[in-house]
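Below is one structure; the comments refer to it alone.
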Amino acid sequence: QVQLVESGGGLVQAGGSLRLSCKASGSIFSINAMGWHRQAPGKQRELVASITNGGSTMYRESMKGRFTISRDNAKNTVYLQMNSLRPEDTAVYYCRGWGINGNDYWGQGTQVTVSS
């Protein structure tokens with residue numbers, strides 16, 4: 001099993017920045033890649049960014065240039081640096097781990113609120 005714990009959410013003004021952290025524990029050797037999803041009220045959960053064990057990254061188009069995903073393997077932690085935040089970025093952000101056996105692991109979510 002893998003446990004994912006997010007932190008770093010909060011309230012920020014438009015144009016501001018936040019850095020989310022996701023610390024993994026447990027059977028982390030079984031994870032292929034990690035990423036961040038978000039879900040705004042009344043909307044479907046959507047993939048924001050992902051990063052493989054090899055460091056390859058992928059971003060949702062609207063986040064390119066504003067968000068950066070990174071990882072610190074020594075700390076078993078993945079980060080999401082979010083700059084130039086907009087009110088439409090308001091959502092609950094979830095950390096996700098893709099397992100080598102096809103399992104999905106999710107964190108509990110952290111709220112990000114961007115005020116205009």
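Chain labels A, B, ... are given in the sequence in which chains occur in the structure tokens; within each chain residues are numbered consecutively from 1, and ligands are likewise numbered from 1 in the order shown.
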Residues within 9 Å of Gly9 (chain A), only C-alpha atoms, excluding chain neighbours under 4 positions, as a PDB file with N, CA, C and O atoms, in the first residue's frame:
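The result, stored in part_25.pdb:
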ATOM      1  N   LEU A  18       1.629  29.520  -4.775  1.00  0.00           N
ATOM      2  CA  LEU A  18       1.573  28.509  -3.723  1.00  0.00           C
ATOM      3  C   LEU A  18       2.407  27.324  -4.167  1.00  0.00           C
ATOM      4  O   LEU A  18       2.536  27.066  -5.381  1.00  0.00           O
ATOM      5  N   ARG A  19       2.936  26.600  -3.199  1.00  0.00           N
ATOM      6  CA  ARG A  19       3.618  25.350  -3.508  1.00  0.00           C
ATOM      7  C   ARG A  19       2.965  24.232  -2.717  1.00  0.00           C
ATOM      8  O   ARG A  19       2.931  24.264  -1.482  1.00  0.00           O
ATOM      9  N   LEU A  20       2.465  23.259  -3.447  1.00  0.00           N
ATOM     10  CA  LEU A  20       1.877  22.079  -2.833  1.00  0.00           C
ATOM     11  C   LEU A  20       2.923  20.984  -2.712  1.00  0.00           C
ATOM     12  O   LEU A  20       3.801  20.853  -3.578  1.00  0.00           O
ATOM     13  N   SER A  21       2.797  20.211  -1.649  1.00  0.00           N
ATOM     14  CA  SER A  21       3.693  19.078  -1.433  1.00  0.00           C
ATOM     15  C   SER A  21       2.870  17.815  -1.267  1.00  0.00           C
ATOM     16  O   SER A  21       1.768  17.847  -0.722  1.00  0.00           O
ATOM     17  N   VAL A  92      -9.997  21.795  -5.092  1.00  0.00           N
ATOM     18  CA  VAL A  92      -9.275  20.865  -4.212  1.00  0.00           C
ATOM     19  C   VAL A  92      -8.243  20.151  -5.078  1.00  0.00           C
ATOM     20  O   VAL A  92      -8.592  19.606  -6.135  1.00  0.00           O
ATOM     21  N   TYR A  93      -7.019  20.162  -4.648  1.00  0.00           N
ATOM     22  CA  TYR A  93      -5.929  19.548  -5.396  1.00  0.00           C
ATOM     23  C   TYR A  93      -5.572  18.217  -4.741  1.00  0.00           C
ATOM     24  O   TYR A  93      -5.337  18.146  -3.528  1.00  0.00           O
ATOM     25  N   GLY A 109      -6.454  15.327  -0.437  1.00  0.00           N
ATOM     26  CA  GLY A 109      -6.768  16.604  -1.071  1.00  0.00           C
ATOM     27  C   GLY A 109      -6.411  17.788  -0.212  1.00  0.00           C
ATOM     28  O   GLY A 109      -6.429  17.709   1.021  1.00  0.00           O
ATOM     29  N   THR A 110      -6.081  18.891  -0.860  1.00  0.00           N
ATOM     30  CA  THR A 110      -5.799  20.138  -0.159  1.00  0.00           C
ATOM     31  C   THR A 110      -6.474  21.277  -0.921  1.00  0.00           C
ATOM     32  O   THR A 110      -6.422  21.326  -2.149  1.00  0.00           O
ATOM     33  N   GLN A 111      -7.134  22.143  -0.183  1.00  0.00           N
ATOM     34  CA  GLN A 111      -7.917  23.210  -0.803  1.00  0.00           C
ATOM     35  C   GLN A 111      -7.021  24.376  -1.209  1.00  0.00           C
ATOM     36  O   GLN A 111      -6.207  24.856  -0.406  1.00  0.00           O
ATOM     37  N   VAL A 112      -7.215  24.817  -2.434  1.00  0.00           N
ATOM     38  CA  VAL A 112      -6.554  26.031  -2.928  1.00  0.00           C
ATOM     39  C   VAL A 112      -7.656  27.014  -3.319  1.00  0.00           C
ATOM     40  O   VAL A 112      -8.532  26.683  -4.120  1.00  0.00           O
ATOM     41  N   THR A 113      -7.619  28.184  -2.734  1.00  0.00           N
ATOM     42  CA  THR A 113      -8.605  29.210  -3.039  1.00  0.00           C
ATOM     43  C   THR A 113      -7.891  30.469  -3.498  1.00  0.00           C
ATOM     44  O   THR A 113      -7.013  30.976  -2.788  1.00  0.00           O
TER      45      THR A 113
END
Legend entry - Given only C-alpha atoms as the counted atoms, nearest of A:Ala24, A:Met63, A:Ala91, A:Val12 to Val78 (chain A): A:Ala24
Inset, instruction - Please indicate the distance in Å from CA of Ile51 (chain A) to CA of Arg71 (chain A), rounded to one decimal place. - result: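 Between these atoms lies a distance of 7.8 Å.
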Inset, instruction - Return as a VMD selection string the full set of residues in chain A whose backbone-based DSSP assignment is strand (DSSP E or B). - result: chain A and resid 2 to 7 10 to 13 18 to 26 31 to 39 46 to 52 57 to 59 67 to 72 77 to 82 91 to 99 104 to 106 110 to 115
Selection file, C-alpha atoms, as a short mmCIF file (atom, residue, chain, number, x, y, z; two decimals), in the first residue's frame:
data_model
loop_
_atom_site.label_atom_id
_atom_site.label_comp_id
_atom_site.auth_asym_id
_atom_site.auth_seq_id
_atom_site.Cartn_x
_atom_site.Cartn_y
_atom_site.Cartn_z
CA VAL A 2 0.97 3.59 -0.60
CA GLN A 3 -0.06 6.57 1.46
CA LEU A 4 -0.04 10.08 0.01
CA VAL A 5 -0.33 13.18 2.17
CA GLU A 6 -0.73 16.61 0.62
CA SER A 7 0.04 19.95 2.19
CA GLY A 10 -4.51 27.84 1.30
CA LEU A 11 -5.94 31.21 0.34
CA VAL A 12 -4.02 33.45 -2.03
CA GLN A 13 -4.80 36.52 -4.09
CA LEU A 18 1.57 28.51 -3.72
CA ARG A 19 3.62 25.35 -3.51
CA LEU A 20 1.88 22.08 -2.83
CA SER A 21 3.69 19.08 -1.43
CA CYS A 22 2.78 15.41 -1.57
CA LYS A 23 4.73 13.03 0.61
CA ALA A 24 4.55 9.35 -0.21
CA SER A 25 5.08 6.51 2.23
CA GLY A 26 4.65 2.77 2.25
CA ILE A 31 4.77 3.69 -8.05
CA ASN A 32 5.42 4.41 -11.72
CA ALA A 33 4.58 8.08 -11.73
CA MET A 34 2.97 10.73 -9.59
CA GLY A 35 0.85 13.71 -10.37
CA TRP A 36 -1.66 16.29 -9.33
CA HIS A 37 -5.34 16.47 -10.15
CA ARG A 38 -7.83 19.10 -9.14
CA GLN A 39 -11.57 19.29 -8.75
CA GLU A 46 -8.93 16.90 -14.04
CA LEU A 47 -5.26 16.09 -14.39
CA VAL A 48 -3.01 19.09 -13.78
CA ALA A 49 0.48 17.66 -14.16
CA SER A 50 2.41 14.44 -13.80
CA ILE A 51 5.98 13.31 -13.43
CA THR A 52 7.45 9.86 -14.06
CA THR A 57 6.75 15.77 -16.99
CA MET A 58 3.39 16.49 -18.55
CA TYR A 59 1.09 19.48 -18.01
CA PHE A 67 2.76 25.44 -12.86
CA THR A 68 5.85 23.32 -12.33
CA ILE A 69 5.88 19.76 -11.03
CA SER A 70 9.03 18.37 -9.48
CA ARG A 71 10.13 15.60 -7.18
CA ASP A 72 12.66 15.00 -4.45
CA THR A 77 7.94 14.03 -2.12
CA VAL A 78 6.40 15.58 -5.21
CA TYR A 79 5.81 19.30 -5.47
CA LEU A 80 3.55 21.51 -7.51
CA GLN A 81 4.74 25.09 -7.75
CA MET A 82 1.84 27.27 -8.84
CA ALA A 91 -10.18 23.76 -6.41
CA VAL A 92 -9.28 20.87 -4.21
CA TYR A 93 -5.93 19.55 -5.40
CA TYR A 94 -5.26 15.83 -5.11
CA CYS A 95 -2.00 13.96 -5.30
CA ARG A 96 -2.09 10.73 -7.27
CA GLY A 97 0.28 7.81 -7.64
CA TRP A 98 0.12 5.39 -10.54
CA GLY A 99 1.16 1.93 -9.45
CA ASP A 104 -4.24 4.05 -8.19
CA TYR A 105 -3.34 5.87 -5.01
CA TRP A 106 -4.85 9.17 -3.92
CA THR A 110 -5.80 20.14 -0.16
CA GLN A 111 -7.92 23.21 -0.80
CA VAL A 112 -6.55 26.03 -2.93
CA THR A 113 -8.60 29.21 -3.04
CA VAL A 114 -7.64 32.14 -5.25
CA SER A 115 -9.41 35.40 -4.56
#
Inset, instruction - Among the residues of region 11-79 of chain A, find those DSSP assigns to helix (DSSP H, G or I) from the backbone and print them as a ChimeraX atom specification. - result: /A:28-30,61-63,73-75
Legend entry - Residues near Leu85 (chain A), cut-off 6 Å, only C-alpha atoms, skip fewer than 6 positions along chain, as number ranges by chain: A: 14-16
Legend entry - Å distance separating CA of Gln1 (chain A) from CA of Ile100 (chain A), one decimal place: 12.0 Å
Inset, instruction - Record the distance separating CA of Asp89 (chain A) and CA of Ser62 (chain A), expressed in Å with one decimal. - result: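 Interatomic distance, CA of Asp89 (chain A) to CA of Ser62 (chain A): 10.1 Å.
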